[in-house]
Structures are given as C-alpha cells and as structure tokens.
file run06.pdb (PDB, C-alpha atoms)
MODEL        1
ATOM      1  CA  MET A   1     173.324 -16.799 145.385
ATOM      2  CA  GLU A   2     172.731 -14.780 142.229
ATOM      3  CA  LYS A   3     171.851 -11.105 142.231
ATOM      4  CA  ARG A   4     168.358 -11.983 140.994
ATOM      5  CA  GLU A   5     167.812 -14.382 143.861
ATOM      6  CA  LEU A   6     169.155 -11.846 146.368
ATOM      7  CA  ALA A   7     166.797  -9.189 145.014
ATOM      8  CA  LYS A   8     163.874 -11.627 145.125
ATOM      9  CA  THR A   9     164.705 -12.553 148.724
ATOM     10  CA  ARG A  10     164.930  -8.891 149.747
ATOM     11  CA  ARG A  11     161.565  -8.146 148.062
ATOM     12  CA  ARG A  12     159.932 -11.059 149.865
ATOM     13  CA  LEU A  13     161.332  -9.875 153.200
ATOM     14  CA  LYS A  14     159.974  -6.391 152.540
ATOM     15  CA  ALA A  15     156.534  -7.827 151.740
ATOM     16  CA  LEU A  16     156.587  -9.868 154.946
ATOM     17  CA  HIS A  17     157.503  -6.752 156.965
ATOM     18  CA  LYS A  18     154.487  -4.951 155.507
ATOM     19  CA  GLU A  19     152.193  -7.879 156.276
ATOM     20  CA  LEU A  20     153.568  -8.024 159.797
ATOM     21  CA  ALA A  21     152.799  -4.331 160.337
ATOM     22  CA  ALA A  22     149.214  -4.809 159.129
ATOM     23  CA  LEU A  23     148.349  -7.875 161.234
ATOM     24  CA  GLY A  24     146.286  -6.173 163.930
ATOM     25  CA  PRO A  25     145.514  -7.509 167.407
ATOM     26  CA  ILE A  26     147.322 -10.712 168.358
ATOM     27  CA  MET A  27     146.603 -13.202 171.128
ATOM     28  CA  ARG A  28     148.175 -16.583 171.772
ATOM     29  CA  GLY A  29     145.497 -19.162 172.497
ATOM     30  CA  SER A  30     142.377 -20.488 170.857
ATOM     31  CA  VAL A  31     138.616 -20.346 170.863
ATOM     32  CA  VAL A  32     137.058 -23.464 172.365
ATOM     33  CA  ILE A  33     133.443 -24.515 172.758
ATOM     34  CA  ILE A  34     132.604 -25.873 176.202
ATOM     35  CA  GLY A  35     129.427 -27.569 177.331
ATOM     36  CA  THR A  36     127.345 -30.599 176.473
ATOM     37  CA  ARG A  37     123.859 -29.128 176.163
ATOM     38  CA  ASN A  38     124.483 -25.409 176.346
ATOM     39  CA  LYS A  39     127.642 -24.971 174.260
ATOM     40  CA  GLN A  40     129.450 -21.717 174.976
ATOM     41  CA  PRO A  41     132.566 -20.173 173.370
ATOM     42  CA  TYR A  42     135.595 -19.458 175.562
ATOM     43  CA  PHE A  43     139.083 -18.193 174.850
ATOM     44  CA  SER A  44     141.615 -20.694 176.170
ATOM     45  CA  LEU A  45     145.235 -19.937 177.054
ATOM     46  CA  ASN A  46     147.698 -22.309 178.658
ATOM     47  CA  LYS A  47     150.173 -20.329 180.751
ATOM     48  CA  ASN A  48     152.571 -21.726 183.369
ATOM     49  CA  LYS A  49     150.975 -25.173 182.962
ATOM     50  CA  LYS A  50     147.541 -23.769 183.850
ATOM     51  CA  THR A  51     144.639 -23.207 181.502
ATOM     52  CA  GLN A  52     143.026 -19.795 181.665
ATOM     53  CA  LEU A  53     139.535 -19.382 180.214
ATOM     54  CA  ILE A  54     137.665 -16.223 179.283
ATOM     55  CA  TYR A  55     133.968 -16.427 178.464
ATOM     56  CA  LEU A  56     133.367 -14.868 175.054
ATOM     57  CA  GLY A  57     129.710 -15.205 174.174
ATOM     58  CA  LYS A  58     128.658 -14.871 170.553
ATOM     59  CA  LYS A  59     129.467 -11.155 170.560
ATOM     60  CA  ARG A  60     133.251 -11.531 171.080
ATOM     61  CA  GLU A  61     133.839 -14.960 169.532
ATOM     62  CA  ASP A  62     134.751 -13.706 166.033
ATOM     63  CA  LYS A  63     137.112 -11.044 167.391
ATOM     64  CA  ALA A  64     138.920 -13.575 169.603
ATOM     65  CA  ARG A  65     139.143 -16.048 166.725
ATOM     66  CA  GLN A  66     140.698 -13.342 164.508
ATOM     67  CA  CYS A  67     143.266 -12.469 167.196
ATOM     68  CA  SER A  68     144.217 -16.135 167.448
ATOM     69  CA  GLU A  69     144.521 -16.445 163.647
ATOM     70  CA  ASN A  70     146.710 -13.327 163.601
ATOM     71  CA  TYR A  71     149.022 -15.004 166.113
ATOM     72  CA  LYS A  72     149.265 -18.104 163.923
ATOM     73  CA  ARG A  73     150.060 -15.947 160.885
ATOM     74  CA  LEU A  74     152.688 -14.073 162.942
ATOM     75  CA  ARG A  75     154.463 -17.361 163.650
ATOM     76  CA  GLU A  76     154.334 -18.327 159.976
ATOM     77  CA  ILE A  77     155.804 -14.969 158.970
ATOM     78  CA  ILE A  78     158.590 -15.302 161.553
ATOM     79  CA  GLU A  79     159.461 -18.778 160.273
ATOM     80  CA  GLU A  80     159.639 -17.598 156.661
ATOM     81  CA  MET A  81     161.650 -14.501 157.586
ATOM     82  CA  THR A  82     164.082 -16.691 159.517
ATOM     83  CA  GLN A  83     164.687 -18.882 156.470
ATOM     84  CA  LEU A  84     165.175 -15.863 154.202
ATOM     85  CA  ASN A  85     167.509 -14.113 156.645
ATOM     86  CA  MET A  86     169.525 -17.297 157.087
ATOM     87  CA  ALA A  87     170.009 -17.475 153.318
ATOM     88  CA  LEU A  88     171.166 -13.843 153.263
ATOM     89  CA  LEU A  89     173.445 -14.373 156.244
ATOM     90  CA  LYS A  90     174.975 -17.421 154.606
ATOM     91  CA  GLU A  91     175.918 -15.251 151.642
ATOM     92  CA  ASP A  92     177.297 -12.608 154.034
ATOM     93  CA  TYR A  93     174.754 -10.160 152.630
ATOM     94  CA  LYS A  94     173.510  -7.207 154.666
ATOM     95  CA  ILE A  95     170.357  -8.098 156.594
TER      96      ILE A  95
ENDMDL
END
call {"tool": "encode", "arguments": {"input": "run06.pdb", "output": "structure tokens"}}
result
Amino acid sequence: MEKRELAKTRRRLKALHKELAALGPIMRGSVVIIGTRNKQPYFSLNKNKKTQLIYLGKKREDKARQCSENYKRLREIIEEMTQLNMALLKEDYKI
C-alpha cells in the first residue's frame, strides 16, 4: 500500500471515529405499526427468541425511529472500520 493510500485510509478512519462519537442514542430494534383499524406505533425488539414491544404513540415514534437508524449506522461504520483496519493490519501498519 502506498503512503498516499495509507494516509487516505487513516483520514477515513478518523472521520468514522468522529461520526461514531456524534451518533447519539442507539437502540437495536425497529418501529412497527400494529393494528388493523386503529394502527399504533410500537418499538419491537427480539431478545432471547422473544419479541418485546413498547407502545410509542405519535409523541415518541420519531425519537425511537432515530435511535433505530443510529444503530443501523453504527453497524455500517463498524463494517467499514473493520475493512480499513484489516487493510492496515495486512500492511503491518500501526492501528
């Protein structure tokens, strides 16, 4: 790997660290709408093969949705950081 590529990789890792620090509240799970006539938003989490539901109402739906999106972004960041760190490790460069 060239010095330019190493520097680019390090810069990208630094940017991902900053984004990670700024993510905000994180929750694994998703917002689901339950009901046939009277549709209501719930936060759904599958834990130990059991689904846990929390009623959200309109007031908390956006906040829960944002927490879930933050979790998805966290996973994306971790995947990208893993690839970058693997490239650095392969070159025996300090991580």
call {"tool": "resolve_selection", "arguments": {"input": "run06.pdb", "expression": "the PyMOL selection byres ((chain A and resi 71) around 10)", "output": "list in words"}}
result
Leu23, Gly24, Pro25, Ile26, Met27, Arg28, Gly29, Ser30, Arg65, Gln66, Cys67, Ser68, Glu69, Asn70, Lys72, Arg73, Leu74, Arg75, Glu76 and Ile77 of chain A
call {"tool": "atom_distance", "arguments": {"input": "run06.pdb", "atom1": "CA of Phe43 (chain A)", "atom2": "CA of Ala64 (chain A)"}}
result
7.0 Å
call {"tool": "resolve_selection", "arguments": {"input": "run06.pdb", "expression": "the PyMOL selection byres ((chain A and resi 45) around 10)", "output": "PyMOL selection string"}}
result
chain A and resi 27-31+42-44+46-54
call {"tool": "resolve_selection", "arguments": {"input": "run06.pdb", "expression": "the PyMOL selection byres ((chain A and resi 16) around 12)", "output": "list in words"}}
result
Thr9, Arg10, Arg11, Arg12, Leu13, Lys14, Ala15, His17, Lys18, Glu19, Leu20, Ala21, Ala22, Leu23, Arg73, Leu74, Arg75, Glu76, Ile77, Ile78, Glu79, Glu80, Met81, Thr82, Leu84 and Asn85 of chain A
call {"tool": "axis_aligned_box", "arguments": {"input": "run06.pdb", "around": "region 77-85 of chain A", "padding_each_side": "4 Å", "output": "AutoDock Vina command-line options"}}
result
--center_x 161.7 --center_y -16.5 --center_z 157.9 --size_x 19.7 --size_y 12.8 --size_z 15.4
call {"tool": "decode", "arguments": {"input": "run06.pdb", "residues": "region 16-28 of chain A", "atoms": "N, CA, C and O atoms", "output": "mmCIF file, in the first residue's frame"}}
result
data_model
loop_
_atom_site.group_PDB
_atom_site.id
_atom_site.type_symbol
_atom_site.label_atom_id
_atom_site.label_comp_id
_atom_site.auth_asym_id
_atom_site.auth_seq_id
_atom_site.Cartn_x
_atom_site.Cartn_y
_atom_site.Cartn_z
ATOM 1 N N LEU A 16 -14.553 8.447 10.530
ATOM 2 C CA LEU A 16 -15.527 7.489 11.063
ATOM 3 C C LEU A 16 -15.574 7.538 12.586
ATOM 4 O O LEU A 16 -16.657 7.421 13.178
ATOM 5 N N HIS A 17 -14.431 7.732 13.228
ATOM 6 C CA HIS A 17 -14.400 7.870 14.698
ATOM 7 C C HIS A 17 -15.207 9.088 15.132
ATOM 8 O O HIS A 17 -15.960 9.017 16.109
ATOM 9 N N LYS A 18 -15.067 10.180 14.412
ATOM 10 C CA LYS A 18 -15.824 11.397 14.743
ATOM 11 C C LYS A 18 -17.316 11.170 14.558
ATOM 12 O O LYS A 18 -18.127 11.585 15.393
ATOM 13 N N GLU A 19 -17.691 10.515 13.464
ATOM 14 C CA GLU A 19 -19.105 10.241 13.221
ATOM 15 C C GLU A 19 -19.677 9.323 14.296
ATOM 16 O O GLU A 19 -20.799 9.503 14.756
ATOM 17 N N LEU A 20 -18.879 8.364 14.701
ATOM 18 C CA LEU A 20 -19.282 7.432 15.747
ATOM 19 C C LEU A 20 -19.561 8.174 17.060
ATOM 20 O O LEU A 20 -20.556 7.909 17.735
ATOM 21 N N ALA A 21 -18.695 9.120 17.387
ATOM 22 C CA ALA A 21 -18.853 9.888 18.630
ATOM 23 C C ALA A 21 -20.087 10.777 18.596
ATOM 24 O O ALA A 21 -20.660 11.093 19.645
ATOM 25 N N ALA A 22 -20.534 11.167 17.403
ATOM 26 C CA ALA A 22 -21.655 12.096 17.282
ATOM 27 C C ALA A 22 -22.998 11.404 17.031
ATOM 28 O O ALA A 22 -24.005 12.080 16.841
ATOM 29 N N LEU A 23 -23.030 10.078 17.062
ATOM 30 C CA LEU A 23 -24.252 9.359 16.697
ATOM 31 C C LEU A 23 -25.461 9.670 17.582
ATOM 32 O O LEU A 23 -26.550 9.826 17.086
ATOM 33 N N GLY A 24 -25.292 9.720 18.864
ATOM 34 C CA GLY A 24 -26.434 9.958 19.747
ATOM 35 C C GLY A 24 -27.012 8.655 20.254
ATOM 36 O O GLY A 24 -26.380 7.601 20.176
ATOM 37 N N PRO A 25 -28.252 8.690 20.751
ATOM 38 C CA PRO A 25 -28.856 7.500 21.348
ATOM 39 C C PRO A 25 -29.016 6.360 20.332
ATOM 40 O O PRO A 25 -29.376 6.596 19.182
ATOM 41 N N ILE A 26 -28.752 5.153 20.800
ATOM 42 C CA ILE A 26 -28.773 3.977 19.930
ATOM 43 C C ILE A 26 -29.634 2.893 20.573
ATOM 44 O O ILE A 26 -29.511 2.624 21.776
ATOM 45 N N MET A 27 -30.500 2.294 19.763
ATOM 46 C CA MET A 27 -31.291 1.155 20.229
ATOM 47 C C MET A 27 -31.403 0.141 19.102
ATOM 48 O O MET A 27 -31.701 0.507 17.968
ATOM 49 N N ARG A 28 -31.154 -1.110 19.417
ATOM 50 C CA ARG A 28 -31.360 -2.188 18.455
ATOM 51 C C ARG A 28 -32.841 -2.512 18.436
ATOM 52 O O ARG A 28 -33.479 -2.627 19.478
#
